[in-house]
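Student: Here you go, this is protein38.cif (mmCIF, C-alpha atoms).
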```
data_final
#
loop_
_atom_site.group_PDB
_atom_site.id
_atom_site.type_symbol
_atom_site.label_atom_id
_atom_site.label_comp_id
_atom_site.auth_asym_id
_atom_site.auth_seq_id
_atom_site.Cartn_x
_atom_site.Cartn_y
_atom_site.Cartn_z
ATOM 1 C CA ASP A 1 0.000 0.000 0.000
ATOM 2 C CA SER A 2 1.124 3.561 -0.533
ATOM 3 C CA CYS A 3 -0.207 7.021 0.157
ATOM 4 C CA ASP A 4 1.368 7.943 -3.183
ATOM 5 C CA PRO A 5 -1.157 7.235 -5.964
ATOM 6 C CA ASN A 6 1.789 6.503 -8.284
ATOM 7 C CA PHE A 7 3.497 4.364 -5.593
ATOM 8 C CA THR A 8 7.095 5.419 -6.372
ATOM 9 C CA ASP A 9 6.878 9.076 -7.395
ATOM 10 C CA PHE A 10 10.060 10.635 -5.971
ATOM 11 C CA ASN A 11 8.383 14.043 -5.908
ATOM 12 C CA HIS A 12 5.524 12.828 -3.693
ATOM 13 C CA MET A 13 6.068 14.316 -0.239
ATOM 14 C CA CYS A 14 5.882 11.054 1.737
ATOM 15 C CA ARG A 15 9.163 10.007 3.320
ATOM 16 C CA GLY A 16 7.623 7.595 5.795
ATOM 17 C CA THR A 17 7.021 9.999 8.673
ATOM 18 C CA PRO A 18 3.711 10.960 10.306
ATOM 19 C CA ASP A 19 4.275 14.523 9.044
ATOM 20 C CA THR A 20 4.776 13.479 5.412
ATOM 21 C CA CYS A 21 2.503 10.441 4.962
ATOM 22 C CA ASP A 22 -1.097 10.942 3.893
ATOM 23 C CA PHE A 23 -2.154 7.789 5.759
ATOM 24 C CA GLY A 24 -3.013 8.267 9.394
ATOM 25 C CA VAL A 25 -0.890 6.878 12.191
ATOM 26 C CA SER A 26 -3.578 4.288 12.990
ATOM 27 C CA LYS A 27 -3.237 2.802 9.489
ATOM 28 C CA ASN A 28 0.575 2.849 9.584
ATOM 29 C CA LEU A 29 1.342 1.635 13.110
ATOM 30 C CA THR A 30 0.023 -0.923 15.586
ATOM 31 C CA PHE A 31 -0.440 -0.064 19.254
ATOM 32 C CA ALA A 32 3.038 -1.498 19.790
ATOM 33 C CA GLY A 33 4.452 1.020 17.303
ATOM 34 C CA THR A 34 5.281 -1.450 14.539
ATOM 35 C CA PRO A 35 4.036 -1.283 10.932
ATOM 36 C CA THR A 36 0.657 -2.794 10.127
ATOM 37 C CA LYS A 37 -0.126 -5.009 7.135
ATOM 38 C CA ASP A 38 -1.790 -1.954 5.569
ATOM 39 C CA SER A 39 1.010 0.544 6.254
ATOM 40 C CA CYS A 40 2.269 2.830 3.551
ATOM 41 C CA TRP A 41 5.364 1.021 2.242
ATOM 42 C CA ARG A 42 7.424 4.127 2.891
ATOM 43 C CA CYS A 43 6.409 4.220 6.579
ATOM 44 C CA ALA A 44 7.139 0.522 6.983
ATOM 45 C CA PHE A 45 10.507 0.888 5.251
ATOM 46 C CA ARG A 46 11.448 3.933 7.323
ATOM 47 C CA PHE A 47 10.478 2.049 10.501
ATOM 48 C CA HIS A 48 13.042 -0.625 9.615
ATOM 49 C CA LEU A 49 15.645 1.984 8.663
ATOM 50 C CA GLU A 50 15.257 3.681 12.045
ATOM 51 C CA GLU A 51 15.340 0.339 13.857
ATOM 52 C CA CYS A 52 18.524 -0.578 12.001
ATOM 53 C CA LYS A 53 20.123 2.816 12.750
ATOM 54 C CA ALA A 54 19.261 2.515 16.460
ATOM 55 C CA LYS A 55 21.140 -0.788 16.612
ATOM 56 C CA GLY A 56 24.237 0.451 14.786
ATOM 57 C CA GLY A 57 23.382 -1.247 11.497
ATOM 58 C CA PHE A 58 23.677 -0.381 7.841
ATOM 59 C CA MET A 59 21.889 -1.001 4.547
ATOM 60 C CA ILE A 60 23.188 -2.878 1.532
ATOM 61 C CA GLN A 61 21.482 -1.728 -1.637
ATOM 62 C CA VAL A 62 21.829 -3.698 -4.873
ATOM 63 C CA GLU A 63 21.906 -1.558 -8.008
ATOM 64 C CA GLU A 64 21.197 -3.659 -11.064
ATOM 65 C CA SER A 65 22.714 -2.957 -14.489
ATOM 66 C CA ASN A 66 19.759 -0.773 -15.523
ATOM 67 C CA GLY A 67 20.276 1.535 -12.514
ATOM 68 C CA LEU A 68 18.291 2.173 -9.369
ATOM 69 C CA GLY A 69 14.563 1.664 -9.443
ATOM 70 C CA ARG A 70 12.286 4.559 -8.535
ATOM 71 C CA GLY A 71 11.526 3.033 -5.147
ATOM 72 C CA GLN A 72 15.236 2.526 -4.459
ATOM 73 C CA LYS A 73 15.840 6.237 -5.025
ATOM 74 C CA ILE A 74 13.204 7.017 -2.389
ATOM 75 C CA GLU A 75 14.744 4.429 -0.023
ATOM 76 C CA THR A 76 18.173 6.037 -0.472
ATOM 77 C CA GLU A 77 16.746 9.462 0.388
ATOM 78 C CA MET A 78 15.022 8.072 3.489
ATOM 79 C CA ALA A 79 18.213 6.304 4.626
ATOM 80 C CA LYS A 80 20.074 9.607 4.274
ATOM 81 C CA GLN A 81 17.386 11.396 6.328
ATOM 82 C CA VAL A 82 17.618 8.720 9.037
ATOM 83 C CA GLY A 83 21.437 8.866 9.027
ATOM 84 C CA LEU A 84 21.892 5.211 8.093
ATOM 85 C CA LYS A 85 25.046 4.063 6.318
ATOM 86 C CA VAL A 86 24.326 2.685 2.846
ATOM 87 C CA PHE A 87 26.644 0.371 0.911
ATOM 88 C CA ARG A 88 25.473 0.216 -2.698
ATOM 89 C CA THR A 89 26.753 -2.512 -4.980
ATOM 90 C CA THR A 90 27.041 -1.940 -8.711
ATOM 91 C CA ASP A 91 27.731 -4.639 -11.251
ATOM 92 C CA ASN A 92 27.955 -4.398 -15.032
ATOM 93 C CA CYS A 93 28.335 -8.146 -15.537
ATOM 94 C CA PRO A 94 25.319 -10.094 -16.811
ATOM 95 C CA GLU A 95 25.704 -12.956 -14.333
ATOM 96 C CA PHE A 96 26.375 -12.996 -10.612
ATOM 97 C CA ARG A 97 29.097 -15.175 -9.132
ATOM 98 C CA SER A 98 29.065 -14.561 -5.420
ATOM 99 C CA ASN A 99 32.353 -16.309 -4.680
ATOM 100 C CA THR A 100 34.193 -13.633 -6.657
ATOM 101 C CA LYS A 101 32.138 -10.577 -5.704
ATOM 102 C CA LEU A 102 30.623 -10.584 -2.234
ATOM 103 C CA TRP A 103 33.958 -10.404 -0.463
ATOM 104 C CA LYS A 104 34.259 -6.809 -1.720
ATOM 105 C CA VAL A 105 31.129 -5.937 0.253
ATOM 106 C CA ALA A 106 32.459 -7.710 3.350
ATOM 107 C CA LYS A 107 35.771 -5.855 3.009
ATOM 108 C CA ALA A 108 34.048 -2.455 2.687
ATOM 109 C CA VAL A 109 31.901 -3.145 5.753
ATOM 110 C CA GLN A 110 34.950 -4.365 7.663
ATOM 111 C CA ARG A 111 36.870 -1.156 6.834
ATOM 112 C CA TRP A 112 33.867 0.912 7.943
ATOM 113 C CA PHE A 113 33.685 -0.901 11.297
ATOM 114 C CA GLU A 114 37.468 -0.599 11.784
ATOM 115 C CA SER A 115 37.224 3.171 11.171
ATOM 116 C CA GLY A 116 34.669 3.480 13.972
ATOM 117 C CA CYS A 117 31.616 3.703 11.688
ATOM 118 C CA LYS A 118 32.116 7.458 11.366
ATOM 119 C CA ASN A 119 31.643 7.947 7.617
ATOM 120 C CA MET A 120 27.906 7.796 7.019
ATOM 121 C CA ASP A 121 28.114 8.817 3.351
ATOM 122 C CA LEU A 122 26.782 6.502 0.667
ATOM 123 C CA GLU A 123 29.542 4.074 -0.338
ATOM 124 C CA ILE A 124 29.434 2.583 -3.822
ATOM 125 C CA ILE A 125 31.114 -0.807 -4.247
ATOM 126 C CA ASP A 126 31.809 -1.922 -7.807
ATOM 127 C CA ILE A 127 31.620 -5.702 -7.674
ATOM 128 C CA SER A 128 31.950 -6.191 -11.442
ATOM 129 C CA ALA A 129 35.731 -6.091 -11.805
ATOM 130 C CA ARG A 130 38.592 -7.880 -10.099
ATOM 131 C CA ALA A 131 39.980 -5.933 -7.187
ATOM 132 C CA SER A 132 43.179 -3.960 -7.182
ATOM 133 C CA GLY A 133 45.194 -2.066 -4.623
ATOM 134 C CA ARG A 134 44.054 -2.450 -1.029
ATOM 135 C CA ASP A 135 41.448 -5.062 -2.000
ATOM 136 C CA SER A 136 43.903 -7.311 -3.819
ATOM 137 C CA GLU A 137 43.208 -10.452 -1.787
ATOM 138 C CA SER A 138 42.380 -13.464 -3.877
ATOM 139 C CA VAL A 139 38.990 -15.103 -3.647
ATOM 140 C CA VAL A 140 40.589 -17.914 -1.645
ATOM 141 C CA ASP A 141 41.718 -15.369 0.952
ATOM 142 C CA ALA A 142 38.450 -13.431 0.898
ATOM 143 C CA PRO A 143 37.441 -11.971 4.279
ATOM 144 C CA TRP A 144 34.084 -13.709 4.604
ATOM 145 C CA VAL A 145 34.169 -13.165 8.348
ATOM 146 C CA PHE A 146 34.464 -9.714 9.838
ATOM 147 C CA HIS A 147 34.179 -8.489 13.405
ATOM 148 C CA HIS A 148 32.133 -5.729 14.961
ATOM 149 C CA ARG A 149 32.348 -4.583 18.564
ATOM 150 C CA ALA A 150 28.724 -5.039 19.654
ATOM 151 C CA ASP A 151 29.032 -2.706 22.650
ATOM 152 C CA PRO A 152 31.880 -0.155 22.683
ATOM 153 C CA GLU A 153 31.487 0.154 26.457
ATOM 154 C CA LYS A 154 32.353 -3.545 26.940
ATOM 155 C CA PRO A 155 35.871 -4.375 25.745
ATOM 156 C CA GLY A 156 35.971 -7.769 24.103
ATOM 157 C CA ASP A 157 32.254 -7.798 23.279
ATOM 158 C CA PHE A 158 32.491 -8.676 19.609
ATOM 159 C CA CYS A 159 30.013 -9.961 17.120
ATOM 160 C CA ARG A 160 31.244 -12.097 14.229
ATOM 161 C CA VAL A 161 29.244 -12.090 11.032
ATOM 162 C CA LYS A 162 29.808 -14.622 8.302
ATOM 163 C CA LEU A 163 28.881 -13.612 4.796
ATOM 164 C CA GLN A 164 28.097 -16.846 2.999
ATOM 165 C CA SER A 165 29.162 -17.192 -0.582
ATOM 166 C CA GLN A 166 26.111 -18.610 -2.346
ATOM 167 C CA LEU A 167 22.760 -17.240 -3.435
ATOM 168 C CA PRO A 168 20.459 -16.300 -1.899
ATOM 169 C CA ILE A 169 22.539 -13.776 0.011
ATOM 170 C CA LYS A 170 22.515 -14.703 3.673
ATOM 171 C CA LEU A 171 24.040 -13.277 6.809
ATOM 172 C CA ARG A 172 24.488 -15.364 9.899
ATOM 173 C CA VAL A 173 25.277 -14.038 13.365
ATOM 174 C CA LEU A 174 27.714 -16.391 15.059
ATOM 175 C CA ASN A 175 27.168 -15.255 18.628
ATOM 176 C CA ALA A 176 24.358 -13.786 20.716
ATOM 177 C CA ALA A 177 24.978 -10.135 19.836
ATOM 178 C CA SER A 178 22.918 -8.806 16.967
ATOM 179 C CA VAL A 179 24.265 -6.850 14.023
ATOM 180 C CA PRO A 180 21.297 -5.214 12.337
ATOM 181 C CA LEU A 181 21.461 -5.230 8.605
ATOM 182 C CA LEU A 182 18.974 -4.223 6.000
ATOM 183 C CA LEU A 183 19.496 -5.990 2.691
ATOM 184 C CA LYS A 184 17.575 -4.377 -0.106
ATOM 185 C CA GLY A 185 17.361 -5.923 -3.541
ATOM 186 C CA ALA A 186 18.685 -9.334 -2.483
ATOM 187 C CA VAL A 187 17.023 -12.444 -3.835
ATOM 188 C CA GLY A 188 15.070 -14.854 -1.655
ATOM 189 C CA LEU A 189 15.462 -13.287 1.758
#
```
Represent the structure contained in this file as structure tokens.

Tutor:
Amino acid sequence: DSCDPNFTDFNHMCRGTPDTCDFGVSKNLTFAGTPTKDSCWRCAFRFHLEECKAKGGFMIQVEESNGLGRGQKIETEMAKQVGLKVFRTTDNCPEFRSNTKLWKVAKAVQRWFESGCKNMDLEIIDISARASGRDSESVVDAPWVFHHRADPEKPGDFCRVKLQSQLPIKLRVLNAASVPLLLKGAVGL
């Protein structure tokens, strides 16, 4: 559902907030404050963006060879408004081979965590070409596992995330701490 009659008109004012959505709060949120089955898609999406941001997460956005869809452009704008880090993958190859491409995403996320998650700008990751320079690891040495300090106040409190190398894209948390992640555009989640 959408308060936008055209569903994905970027110029429609809705950005998923009570102030911008034409649907009332009662249609968008349950008493518990979560989206309803009839929520405006933008309100539901923003809810998950804010939830992800609150838990120190990020969004991975998949840009296909024909560019971003109209809805993805709105999602990018909302993520920026929320202050959520977005990693966008681009790929000009006609077929996807995860064992040679996904490690670039893992490496970018790892660098972001190691830098203290300070840079919240959109980061574009070209997964179509072989890596060079600082990403020159071979596929065999790919960093499928990266670490994130779950609570900066507790030294040693780390969360390990394993990025599996087959479709559908999956993330698995290997300990009790949660690493929020919003995957947009991934198949079969």

Student: Evaluate the PyMOL selection byres ((chain A and resi 46) around 12) and record the selected residues as a VMD selection string, following the chain and residue labels used in the document.

Tutor: chain A and resid 14 to 18 20 to 21 28 to 29 34 to 35 39 to 45 47 to 53 59 74 to 84 182

Student: For atom CA of A:Ser128 and atom CA of A:Val86, quote the distance in Å rounded to one decimal.

Tutor: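 Interatomic distance, atom CA of A:Ser128 to atom CA of A:Val86: 18.5 Å.
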
Student: One decimal, in Å: what's the spacing between atom CA of A:Asn11 and atom CA of A:Gly56?

Tutor: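 Atom CA of A:Gly56 lies at a distance of 29.4 Å from atom CA of A:Asn11.
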
Student: To one decimal in Å, tell me the separation between atom CA of A:Glu64 and atom CA of A:Cys93.

Tutor: 9.5 Å

Student: Mind checking which residues fall within 12 Å of A:Pro5, counting all atoms listed in the file, ignoring those fewer than 2 positions away in the same chain, and posting them as a list in words?

Tutor: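 Surrounding residues, per the criterion: Asp1, Ser2, Cys3, Phe7, Thr8, Asp9, Phe10, Asn11, His12, Met13, Cys14, Cys21, Asp22, Phe23 and Cys40 of chain A.
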
Student: Under the PyMOL selection byres ((chain A and resi 87) around 12), which residues of this model are included? Write them out as a ChimeraX atom specification.

Tutor: /A:57-63,76,79-80,84-86,88-90,104-112,119-127,181-184

Student: For stretch 35-51 of chain A, what centre and edge lengths in Å (one decimal) does the axis-aligned box get once 6 Å is added on each side of all its listed atoms, as AutoDock Vina command-line options?

Tutor:
```
--center_x 6.9 --center_y -0.4 --center_z 8.0 --size_x 29.4 --size_y 21.2 --size_z 23.6
```

Student: Take the structure in the block and write a file for stretch 15-28 of chain A, all heavy atoms, as an mmCIF file, in the first residue's frame.

Tutor:
```
data_model
loop_
_atom_site.group_PDB
_atom_site.id
_atom_site.type_symbol
_atom_site.label_atom_id
_atom_site.label_comp_id
_atom_site.auth_asym_id
_atom_site.auth_seq_id
_atom_site.Cartn_x
_atom_site.Cartn_y
_atom_site.Cartn_z
ATOM 1 N N ARG A 15 7.868 10.605 3.023
ATOM 2 C CA ARG A 15 9.163 10.007 3.320
ATOM 3 C C ARG A 15 9.055 9.105 4.550
ATOM 4 O O ARG A 15 10.013 8.879 5.266
ATOM 5 C CB ARG A 15 10.235 11.079 3.534
ATOM 6 C CG ARG A 15 10.632 11.840 2.272
ATOM 7 C CD ARG A 15 11.210 10.889 1.207
ATOM 8 N NE ARG A 15 11.637 11.577 0.005
ATOM 9 C CZ ARG A 15 10.914 11.666 -1.121
ATOM 10 N NH1 ARG A 15 9.701 11.135 -1.173
ATOM 11 N NH2 ARG A 15 11.374 12.281 -2.178
ATOM 12 N N GLY A 16 7.831 8.589 4.755
ATOM 13 C CA GLY A 16 7.623 7.595 5.795
ATOM 14 C C GLY A 16 7.470 8.134 7.203
ATOM 15 O O GLY A 16 7.572 7.380 8.164
ATOM 16 N N THR A 17 7.225 9.414 7.345
ATOM 17 C CA THR A 17 7.021 9.999 8.673
ATOM 18 C C THR A 17 5.563 10.389 8.846
ATOM 19 O O THR A 17 4.860 10.609 7.862
ATOM 20 C CB THR A 17 7.895 11.258 8.867
ATOM 21 O OG1 THR A 17 7.439 12.276 7.968
ATOM 22 C CG2 THR A 17 9.365 10.964 8.638
ATOM 23 N N PRO A 18 5.093 10.520 10.092
ATOM 24 C CA PRO A 18 3.711 10.960 10.306
ATOM 25 C C PRO A 18 3.431 12.331 9.677
ATOM 26 O O PRO A 18 2.320 12.593 9.239
ATOM 27 C CB PRO A 18 3.583 11.017 11.831
ATOM 28 C CG PRO A 18 4.624 10.073 12.337
ATOM 29 C CD PRO A 18 5.755 10.151 11.349
ATOM 30 N N ASP A 19 4.445 13.184 9.616
ATOM 31 C CA ASP A 19 4.275 14.523 9.044
ATOM 32 C C ASP A 19 4.182 14.518 7.522
ATOM 33 O O ASP A 19 3.639 15.457 6.942
ATOM 34 C CB ASP A 19 5.427 15.440 9.461
ATOM 35 C CG ASP A 19 5.427 15.734 10.947
ATOM 36 O OD1 ASP A 19 4.362 15.611 11.590
ATOM 37 O OD2 ASP A 19 6.494 16.095 11.468
ATOM 38 N N THR A 20 4.740 13.486 6.878
ATOM 39 C CA THR A 20 4.776 13.479 5.412
ATOM 40 C C THR A 20 3.813 12.478 4.779
ATOM 41 O O THR A 20 3.486 12.606 3.610
ATOM 42 C CB THR A 20 6.194 13.201 4.890
ATOM 43 O OG1 THR A 20 6.623 11.907 5.343
ATOM 44 C CG2 THR A 20 7.173 14.271 5.348
ATOM 45 N N CYS A 21 3.367 11.483 5.522
ATOM 46 C CA CYS A 21 2.503 10.441 4.962
ATOM 47 C C CYS A 21 1.033 10.858 5.026
ATOM 48 O O CYS A 21 0.570 11.364 6.056
ATOM 49 C CB CYS A 21 2.693 9.121 5.702
ATOM 50 S SG CYS A 21 1.764 7.754 4.953
ATOM 51 N N ASP A 22 0.327 10.619 3.946
ATOM 52 C CA ASP A 22 -1.097 10.942 3.893
ATOM 53 C C ASP A 22 -1.962 9.940 4.652
ATOM 54 O O ASP A 22 -3.117 10.221 4.953
ATOM 55 C CB ASP A 22 -1.579 11.020 2.439
ATOM 56 C CG ASP A 22 -1.024 12.231 1.706
ATOM 57 O OD1 ASP A 22 -0.651 13.226 2.370
ATOM 58 O OD2 ASP A 22 -0.964 12.191 0.469
ATOM 59 N N PHE A 23 -1.418 8.758 4.951
ATOM 60 C CA PHE A 23 -2.154 7.789 5.759
ATOM 61 C C PHE A 23 -2.056 8.224 7.216
ATOM 62 O O PHE A 23 -1.060 8.769 7.653
ATOM 63 C CB PHE A 23 -1.544 6.386 5.644
ATOM 64 C CG PHE A 23 -1.805 5.677 4.344
ATOM 65 C CD1 PHE A 23 -2.535 6.247 3.319
ATOM 66 C CD2 PHE A 23 -1.289 4.411 4.140
ATOM 67 C CE1 PHE A 23 -2.765 5.569 2.124
ATOM 68 C CE2 PHE A 23 -1.512 3.723 2.955
ATOM 69 C CZ PHE A 23 -2.252 4.313 1.950
ATOM 70 N N GLY A 24 -3.047 7.941 7.973
ATOM 71 C CA GLY A 24 -3.013 8.267 9.394
ATOM 72 C C GLY A 24 -2.124 7.300 10.162
ATOM 73 O O GLY A 24 -1.812 6.204 9.707
ATOM 74 N N VAL A 25 -1.738 7.714 11.339
ATOM 75 C CA VAL A 25 -0.890 6.878 12.191
ATOM 76 C C VAL A 25 -1.561 5.544 12.481
ATOM 77 O O VAL A 25 -0.906 4.495 12.494
ATOM 78 C CB VAL A 25 -0.536 7.618 13.508
ATOM 79 C CG1 VAL A 25 0.205 6.701 14.473
ATOM 80 C CG2 VAL A 25 0.292 8.861 13.217
ATOM 81 N N SER A 26 -2.879 5.537 12.665
ATOM 82 C CA SER A 26 -3.578 4.288 12.990
ATOM 83 C C SER A 26 -3.502 3.273 11.850
ATOM 84 O O SER A 26 -3.543 2.068 12.088
ATOM 85 C CB SER A 26 -5.033 4.560 13.359
ATOM 86 O OG SER A 26 -5.716 5.147 12.267
ATOM 87 N N LYS A 27 -3.377 3.726 10.612
ATOM 88 C CA LYS A 27 -3.237 2.802 9.489
ATOM 89 C C LYS A 27 -1.783 2.331 9.345
ATOM 90 O O LYS A 27 -1.521 1.231 8.882
ATOM 91 C CB LYS A 27 -3.697 3.447 8.181
ATOM 92 C CG LYS A 27 -3.650 2.480 7.001
ATOM 93 C CD LYS A 27 -4.347 3.006 5.778
ATOM 94 C CE LYS A 27 -4.281 1.963 4.670
ATOM 95 N NZ LYS A 27 -5.053 2.327 3.502
ATOM 96 N N ASN A 28 -0.844 3.164 9.756
ATOM 97 C CA ASN A 28 0.575 2.849 9.584
ATOM 98 C C ASN A 28 1.188 2.055 10.733
ATOM 99 O O ASN A 28 2.120 1.287 10.503
ATOM 100 C CB ASN A 28 1.386 4.128 9.379
ATOM 101 C CG ASN A 28 1.276 4.660 7.972
ATOM 102 O OD1 ASN A 28 1.236 3.899 7.016
ATOM 103 N ND2 ASN A 28 1.211 5.977 7.847
#
```
